[in-house]
Structures are given as C-alpha cells and as structure tokens.
Amino acid sequence: MTANTVINAAYEQVQKRNSGELEFLQAVKEVLDSLGPVLEKHPEYVDAKIIDRIVEPERQIMFRVPWQDDKGNVQINRGFRFEFNSALGPYKGGLRFHPTVTASILKFLGFEQIFKNALTTLPMGGGKGGSDFDPKGKSDNEVMRFCQSFMTELCRHIGPDTDVPAGDIGVGGREIGFMFGQYKRLRNEFTGVLTGKALNWGGSLIRTEATGYGCVYLAEEMLKTRNESFEGKICAVSGSGNVAQYTVEKLNQLGAKAVSLSDSSGSIYDPDGIDAEKLAFVLELKNIRRGRIKEYADKFGVEYRQGKRPWDIKCDCAFPSATQNEIDGEDAKTLLKNGCTLVAEGANMPSTPEAVEQFLAQKILYGPGKAANAGGVATSGLEMSQNSLRLSWTREEVDERLHNIMIAVHQQSYDAAEEYGQPGNLVMGANIAGFTKVADAMLDQGLV
Ligand code: NDP
C-alpha cells in the first residue's frame with residue numbers, strides 16, 4: 001500500500017466515525033495532508049497503524065452541568081473533556097467556555113494540541129475540554145456556581161499526573177480560581193492540577209503573557225530567515241482577549257505598530273498605534289469591566305467597524321488572535337493584495353484551508369497556530385515543573401525559557417520542512433516534527 005492510500009483510507013474512516021464534525025475533520029485533514037513523505041520514509045508507522053490510532057481520542061468524557069442562576073432558575077450546560085493522546089506525558093490543554101462549543105470544536109483543538117505540545121519539547125500529552133456555557137453577562141456568583149458544578153464532575157478524570165487543564169476562550173484567572181478551589185475541596189489535595197493559576201497560589205510568572213509573547217517570538221524567528229525585523233512594521237491584530245493583549249504588548253516592545261483589535265461585535269482601527277497607555281485601557285476594559293471593544297473607539301476617537309474583521313486594513317503582518325476560521329479565502333486575498341508578508345496565528349486554526357493555500361502559494365512567512373501559539377502551553381508546562389519543584393522562577397527566567405522554546409519550535413519546524421523537501425513551509429514542518437515525536441513514543445509504548 002502506498003502512503004497516500006493509507007492516508008486516504010484513514011481519513012475516510014475518520015469521516016465516517018465523526019460525520020458532521022467539520023472543524024475536527026478540517027484539523028485532521030490538514031495534518032494528514034502533510035504526512036505522506038513521513039509514511040514513505042517510516043513504514044513502521046504504517047505497520048503499527050499510528051495514523052488510525054492518533055486520530056481517535058484515548059478517552060472522551062461528556063457530562064451534564066446543572067447550576068442555578070441569580071434568579072434561582074435551574075440552568076443546564078454540557079461539559080466535555082477529550083483526552084486525546086498521552087504518549088509524551090499527562091494530557092494537557094485548555095478548557096473553553098463559549099456558547100459555540102461542540103464536540104467537534106474541542107476535538108479539533110485536542111487533536112492539534114497533541115502536535116503543538118510535542119513541539120514545545122516538554123513532556124505533555126494532548127487534550128482539550130470545555131462547555132457551551134457563556135460567561136459573558138453572568139455575575140461572578142453565577143460563574144462560580146457554574147465552575148463548581150463543572151469541576152464536581154471533571155475532578156474524577158483529572159490529576160497532576162493524569163490530565164492538567166488550563167484556560168482558553170472564556171476561561172481566565174477567575175474561572176481557573178473557582179475550579180481549583182472546588183477541586184481542592186473535593187479531593188482534599190493542594191496540587192498542580194490546573195495551570196494559569198494566580199501568582200499567590202501556585203501560578204507562574206509570564207503565563208498570562210505567554211501565548212501573545214510566544215507568538216511574536218516565533219514571528220521574529222520567521223522574519224530573521226529573511227533578514228528582517230519588526231522595526232516599523234504595521235501589524236493587524238484580531239481579538240482583544242488574553243492572546244491579543246500580549247501580542248500587542250510584545251509588538252510594541254520590538255518596535256512594531258499594532259493598529260487593530262476586535263471582538264465578536266466588530267473591530268477598531270487606530271492608525272497611530274495601540275501604545276502602552278491605550279493597551280492599559282484595553283486590559284481594564286476587557287479583563288475587569290468586561291466591556292466591548294467599541295468603547296476603545298469612543299474613548300480615543302478612532303474608527304469603529306461594526307461587524308467587521310480587521311483583515312482589510314493595510315498591514316505588513318497579521319496576527320489572528322480571536323478564534324477558528326476568522327480569515328477566509330477572501331480575507332487572505334485582501335491581506336496579500338495589501339502587501340501583508342507575515343501571518344502568525346495566535347488563535348487556533350484561524351485561517352480556513354482556502355486562506356492557508358494562498359499564504360503557502362505566495363510563499364509569505366506563515367506560522368500556523370500549532371507552532372505560533374505553542375508558548376501558552378509551554379509556559380503551562382513550566383508552571384507544572386515549578387509546582388512539582390515547589391519553587392517559583394523569576395519573570396526573567398520564565399521569559400528566557402519561553403523565548404528559547406519558541407526558537408526551538410521554529411527551528412524544528414523549519415528543519416523538518418527542509419528535510420522533507422518543502423523549505424519554508426511551516427505547516428508541513430510543524431505537523432511532521434510534532435507527529436514524528438509522538439509516533440516514536442507510541443511505537444516504544446506498544447499497542448495501547
Ligand atoms: P479570550 O477569551 O481571552 O479572548 C477571545 C477573543 O476572541 C475575544 O476578543 C473574543 O470576543 C474574540 N472571539 C471569541 N470568539 C469569537 C468569534 N466567534 N468571533 C469573533 N471573535 C471572537 O481568549 P484567548 O485570547 O485566550 O484565546 C484566543 C485564541 O487563542 C483562541 O483561538 C484560543 O484557542 C487561542 N489560544 C489561547 C491560548 C491561551 O493561552 N489563552 C493558548 C493557545 C491558543 P468576544 O469577547 O466578543 O467573545
């Protein structure tokens with residue numbers, strides 16, 4: 001059987017077993033499309049059916065989450081955890097609370113997480129979970145009651161050596177705190193079972209900043225391959241949550257100018273740049289007052305673009321940092337037409353396959369989410385190490401480790417792309433470098 005026959009048969013089976021799960025199928029297809037040359041070179045992966053095994057989660061958990069709102073009404077949400085692959089370490093990956101959450105979304109995220117975690121060089125398997133609960137517009141007490149109910153079930157399935165969840169969309173420090181408190185109460189253990197904790201009870205410095213900083217560090221490595229730097233580059237950023245905020249901060253530090261932010265209602269365009277003072281306003285707006293990005297436009301007198309994404313803004317570099325499939329084929333065309341030469345994905349799978357195809361065809365610098373946003377989970381890994389050591393590293397120490405990890409993520413992806421005959425193609429490089437590590441560990445561990 002040729003490698004392509006193996007891949008096509010495996011993908012057909014995935015389609016049959018997961019019919020209608022479009023995001024999951026999209027993520028699987030992207031990885032499998034990269035693996036032909038790997039299977040040609042490693043028939044042992046074919047014999048051991050690594051492809052058929054890796055696309056099937058080791059365990060999937062789905063549960064009811066009942067809670068009471070402030071008016072005393074009973075509410076029911078759905079909770080999930082997909083424990084995808086533990087070949088390299090305990091399952092690791094975030095929890096997402098958003099009304100759009102489905103099994104398909106979490107399976108795509110959990111599947112990508114396997115390869116992303118492998119790229120960090122840290123001992124972490126892949127998983128993802130969450131709920132269709134919407135924290136927006138809920139009181140702190142409602143969020144607490146929901147988190148406590150969610151953890152009452154989840155705590156049976158996780159643990160510091162089994163599965164260590166973190167935050168994602170809709171899950172920040174507040175939610176991690178409520179869930180950690182409930183885990184501790186139910187299990188009578190103070191342990192590193194979640195990452196993204198507050199600094200005064202086991203969190204790591206730089207974890208909050210890590211995904212955004214890491215994405216810019218990776219982009220900097222990409223620029224270096226063309227002897228360029230961020231100095232003077234105009235950058236379009238989407239989202240205005242955790243990843244977007246610290247992407248803007250690091251871009252400012254490296255001499256670039258970030259000119260946009262967005263949320264699910266619209267985007268702002270600030271041609272003068274979102275400087276440190278304006279960014280402080282965004283942090284207060286989004287993390288404390290939990291308001292809408294439109295208030296930025298009102299406050300600073302810049303353009304608010306109702307219902308629009310930032311991709312028609314002229315820029316040198318784009319940092320999609322909101323959600324999946326937020327750059328479609330048309331957006332990609334517009335970005336390229338306006339001279340954009342670098343796209344680094346802070347969000348997971350923000351570019352549709354039609355967009356990715358154009359970025360690769362035009363040979364711009366394109367850093368896929370698996371590589372570009374690996375800094376978040378990498379620093380979660382560093383938080384786990386500190387918890388195990390019962391030590392806290394300094395800000396500089398964690399930042400330096402994060403920076404070195406992102407350099408390594410880029411190097412491995414770049415080298416794998418070159419080795420397999422597609423120099424500069426980091427989609428292929430990241431998929432292959434991540435996959436081979438996990439596949440080798442699966443071979444070593446036998447048929448499990
Ligand atoms: P936050 O919840 O802090 O912020 C998410 C931002 O994206 C908000 O501005 C939100 O706007 C916007 N957004 C969410 N859903 C949509 C949508 N359907 N359409 C348009 N805008 C939307 O999340 P993070 O910043 O943590 O996560 C952003 C992305 O980065 C996600 O893809 C996540 O998986 C990825 N990521 C995050 C990591 C982390 O460490 N936090 C690590 C690796 C990847 P609104 O408030 O209106 O919903």
# chains A, B, ... in the order shown; residues from 1 in each chain; ligands from 1

$ residues_around --residues "region 21-29 of chain A" --least-positions-apart "5" --cutoff "8 Å" --atoms "only C-alpha atoms" --output "NGL selection string"
:A and (11 or 14-15 or 55 or 103-109 or 111-112 or 349 or 353)

$ write_last_selection --atoms "C-alpha atoms" --output "short mmCIF file (atom, residue, chain, number, x, y, z; two decimals), in the first residue's frame"
data_model
loop_
_atom_site.label_atom_id
_atom_site.label_comp_id
_atom_site.auth_asym_id
_atom_site.auth_seq_id
_atom_site.Cartn_x
_atom_site.Cartn_y
_atom_site.Cartn_z
CA TYR A 11 -9.29 9.86 6.56
CA VAL A 14 -12.41 9.47 10.35
CA GLN A 15 -15.14 11.00 8.17
CA VAL A 55 -6.96 10.32 15.20
CA ALA A 103 -17.60 18.12 20.48
CA SER A 104 -16.25 18.96 17.01
CA ILE A 105 -14.59 22.19 18.16
CA LEU A 106 -12.99 20.56 21.19
CA LYS A 107 -11.83 17.55 19.20
CA PHE A 108 -10.13 19.78 16.64
CA LEU A 109 -8.44 21.67 19.45
CA PHE A 111 -6.07 16.91 18.13
CA GLU A 112 -3.93 19.98 17.31
CA MET A 349 -6.85 27.29 13.18
CA PRO A 353 -7.88 25.89 4.16
#

$ residues_near_ligand --ligand "ligand 1" --cutoff "6 Å" --atoms "only C-alpha atoms and all ligand atoms" --output "PDB file with C-alpha atoms, in the first residue's frame"
ATOM      1  CA  GLY A 167      -7.623  28.277  30.282  1.00  0.00           C
ATOM      2  CA  ASP A 168      -8.773  29.124  26.758  1.00  0.00           C
ATOM      3  CA  ILE A 169     -11.547  31.364  25.385  1.00  0.00           C
ATOM      4  CA  GLY A 170     -13.822  32.355  28.273  1.00  0.00           C
ATOM      5  CA  THR A 211       0.797  32.968  24.229  1.00  0.00           C
ATOM      6  CA  GLY A 239      -9.365  39.620  19.178  1.00  0.00           C
ATOM      7  CA  SER A 240      -8.934  41.675  22.329  1.00  0.00           C
ATOM      8  CA  GLY A 241      -8.601  38.918  24.905  1.00  0.00           C
ATOM      9  CA  ASN A 242      -5.576  37.381  26.521  1.00  0.00           C
ATOM     10  CA  VAL A 243      -3.645  36.466  23.368  1.00  0.00           C
ATOM     11  CA  ALA A 244      -4.342  39.718  21.510  1.00  0.00           C
ATOM     12  CA  SER A 262     -11.592  43.232  17.592  1.00  0.00           C
ATOM     13  CA  ASP A 263     -14.248  41.249  19.410  1.00  0.00           C
ATOM     14  CA  SER A 264     -17.243  39.318  18.175  1.00  0.00           C
ATOM     15  CA  SER A 265     -19.157  42.601  17.642  1.00  0.00           C
ATOM     16  CA  SER A 321      -5.814  36.079  17.848  1.00  0.00           C
ATOM     17  CA  ALA A 322      -9.575  35.584  18.242  1.00  0.00           C
ATOM     18  CA  THR A 323     -10.972  32.264  17.040  1.00  0.00           C
ATOM     19  CA  GLN A 324     -11.075  29.481  14.406  1.00  0.00           C
ATOM     20  CA  GLY A 346      -2.124  33.342  17.991  1.00  0.00           C
ATOM     21  CA  ALA A 347      -5.537  31.693  17.700  1.00  0.00           C
ATOM     22  CA  ASN A 348      -6.066  28.025  16.872  1.00  0.00           C
ATOM     23  CA  ASN A 373       0.722  29.792  19.805  1.00  0.00           C
ATOM     24  CA  GLY A 376       0.936  29.304  26.140  1.00  0.00           C
TER      25      GLY A 376
END

$ closest_residue --among "A:Cys235, A:Val438, A:Ile313, A:Ile432" --to "Tyr269 (chain A)" --atoms "only C-alpha atoms"
A:Ile313

$ residues_around --residues "Leu35 (chain A)" --least-positions-apart "6" --cutoff "9 Å" --atoms "only C-alpha atoms" --output "ChimeraX atom specification"
/A:3-4,7,428,431-432,435

$ write_last_selection --atoms "C-alpha atoms" --output "short mmCIF file (atom, residue, chain, number, x, y, z; two decimals), in the first residue's frame"
data_model
loop_
_atom_site.label_atom_id
_atom_site.label_comp_id
_atom_site.auth_asym_id
_atom_site.auth_seq_id
_atom_site.Cartn_x
_atom_site.Cartn_y
_atom_site.Cartn_z
CA ALA A 3 1.45 6.18 1.82
CA ASN A 4 -1.35 8.06 0.11
CA ILE A 7 -3.79 8.26 4.50
CA MET A 428 4.23 20.83 6.90
CA ASN A 431 2.98 18.79 11.53
CA ILE A 432 5.88 16.47 10.71
CA PHE A 435 3.94 13.91 14.62
#

$ residues_around --residues "region 119-131 of chain A" --least-positions-apart "4" --cutoff "6 Å" --atoms "only C-alpha atoms" --output "list in words"
Arg78, Gly79, Phe80, Arg81, Phe82, Glu83, Phe84, Asn85, Ser86, Leu88, Gly89, Pro90, Tyr91, Lys92, Gly93, Gly94, Leu95, Arg96, Phe97, Leu106, Gly110, Gln113, Ile114, Ala378, Val409 and Gly434 of chain A

$ decode --residues "region 280-309 of chain A" --atoms "N, CA, C and O atoms" --output "short mmCIF file (atom, residue, chain, number, x, y, z; two decimals), in the first residue's frame"
data_model
loop_
_atom_site.label_atom_id
_atom_site.label_comp_id
_atom_site.auth_asym_id
_atom_site.auth_seq_id
_atom_site.Cartn_x
_atom_site.Cartn_y
_atom_site.Cartn_z
N ALA A 280 -3.28 49.65 28.21
CA ALA A 280 -3.71 49.56 29.62
C ALA A 280 -5.23 49.75 29.70
O ALA A 280 -5.91 49.08 30.49
N PHE A 281 -5.77 50.64 28.87
CA PHE A 281 -7.22 50.83 28.82
C PHE A 281 -7.91 49.54 28.38
O PHE A 281 -8.93 49.12 28.94
N VAL A 282 -7.34 48.88 27.36
CA VAL A 282 -7.93 47.63 26.84
C VAL A 282 -7.94 46.56 27.95
O VAL A 282 -8.94 45.85 28.14
N LEU A 283 -6.84 46.45 28.68
CA LEU A 283 -6.76 45.43 29.74
C LEU A 283 -7.84 45.66 30.79
O LEU A 283 -8.51 44.73 31.25
N GLU A 284 -8.01 46.93 31.14
CA GLU A 284 -9.03 47.25 32.15
C GLU A 284 -10.44 46.99 31.59
O GLU A 284 -11.29 46.39 32.23
N LEU A 285 -10.63 47.41 30.33
CA LEU A 285 -11.93 47.24 29.67
C LEU A 285 -12.32 45.76 29.58
O LEU A 285 -13.43 45.37 29.89
N LYS A 286 -11.37 44.93 29.13
CA LYS A 286 -11.70 43.53 28.83
C LYS A 286 -11.58 42.62 30.05
O LYS A 286 -12.35 41.68 30.18
N ASN A 287 -10.59 42.87 30.92
CA ASN A 287 -10.34 41.91 31.99
C ASN A 287 -11.08 42.28 33.27
O ASN A 287 -11.33 41.41 34.10
N ILE A 288 -11.43 43.57 33.44
CA ILE A 288 -12.09 43.97 34.69
C ILE A 288 -13.53 44.37 34.43
O ILE A 288 -14.46 43.79 34.97
N ARG A 289 -13.72 45.34 33.52
CA ARG A 289 -15.10 45.78 33.27
C ARG A 289 -15.84 44.85 32.33
O ARG A 289 -17.05 44.87 32.22
N ARG A 290 -15.10 44.00 31.61
CA ARG A 290 -15.68 43.03 30.65
C ARG A 290 -16.61 43.72 29.64
O ARG A 290 -17.72 43.28 29.39
N GLY A 291 -16.11 44.85 29.09
CA GLY A 291 -16.89 45.64 28.13
C GLY A 291 -16.57 45.27 26.69
O GLY A 291 -15.87 44.30 26.41
N ARG A 292 -17.09 46.05 25.74
CA ARG A 292 -16.91 45.77 24.31
C ARG A 292 -15.83 46.67 23.72
O ARG A 292 -15.62 47.80 24.18
N ILE A 293 -15.18 46.22 22.64
CA ILE A 293 -14.05 46.95 22.07
C ILE A 293 -14.49 48.29 21.47
O ILE A 293 -13.68 49.22 21.31
N LYS A 294 -15.77 48.43 21.20
CA LYS A 294 -16.28 49.71 20.68
C LYS A 294 -15.91 50.87 21.60
O LYS A 294 -15.66 51.99 21.15
N GLU A 295 -15.83 50.58 22.90
CA GLU A 295 -15.50 51.66 23.86
C GLU A 295 -14.12 52.26 23.60
O GLU A 295 -13.85 53.39 23.95
N TYR A 296 -13.22 51.46 23.00
CA TYR A 296 -11.89 51.97 22.62
C TYR A 296 -12.05 53.09 21.60
O TYR A 296 -11.43 54.15 21.71
N ALA A 297 -12.91 52.82 20.61
CA ALA A 297 -13.12 53.82 19.55
C ALA A 297 -13.73 55.09 20.14
O ALA A 297 -13.33 56.21 19.80
N ASP A 298 -14.70 54.92 21.06
CA ASP A 298 -15.34 56.09 21.69
C ASP A 298 -14.31 56.88 22.49
O ASP A 298 -14.25 58.10 22.43
N LYS A 299 -13.48 56.16 23.23
CA LYS A 299 -12.53 56.82 24.14
C LYS A 299 -11.43 57.56 23.36
O LYS A 299 -11.06 58.68 23.70
N PHE A 300 -10.89 56.91 22.31
CA PHE A 300 -9.73 57.50 21.64
C PHE A 300 -10.08 58.14 20.28
O PHE A 300 -9.18 58.57 19.54
N GLY A 301 -11.36 58.19 19.96
CA GLY A 301 -11.79 58.87 18.74
C GLY A 301 -11.27 58.22 17.47
O GLY A 301 -10.86 58.92 16.53
N VAL A 302 -11.23 56.90 17.42
CA VAL A 302 -10.78 56.22 16.19
C VAL A 302 -11.97 55.49 15.58
O VAL A 302 -13.04 55.40 16.16
N GLU A 303 -11.73 54.91 14.39
CA GLU A 303 -12.81 54.27 13.64
C GLU A 303 -13.26 52.96 14.29
O GLU A 303 -12.42 52.12 14.63
N TYR A 304 -14.59 52.81 14.46
CA TYR A 304 -15.16 51.53 14.90
C TYR A 304 -15.85 50.90 13.71
O TYR A 304 -16.64 51.54 13.02
N ARG A 305 -15.58 49.62 13.47
CA ARG A 305 -16.08 48.96 12.27
C ARG A 305 -17.01 47.82 12.72
O ARG A 305 -16.58 46.69 12.94
N GLN A 306 -18.28 48.18 12.87
CA GLN A 306 -19.31 47.25 13.36
C GLN A 306 -19.34 45.97 12.51
O GLN A 306 -19.44 46.04 11.28
N GLY A 307 -19.24 44.83 13.17
CA GLY A 307 -19.38 43.54 12.49
C GLY A 307 -18.25 43.19 11.53
O GLY A 307 -18.34 42.21 10.80
N LYS A 308 -17.16 44.01 11.53
CA LYS A 308 -16.10 43.75 10.54
C LYS A 308 -14.84 43.21 11.20
O LYS A 308 -14.47 43.63 12.30
N ARG A 309 -14.15 42.32 10.51
CA ARG A 309 -12.87 41.82 10.98
C ARG A 309 -11.77 42.76 10.47
O ARG A 309 -12.02 43.55 9.56
#
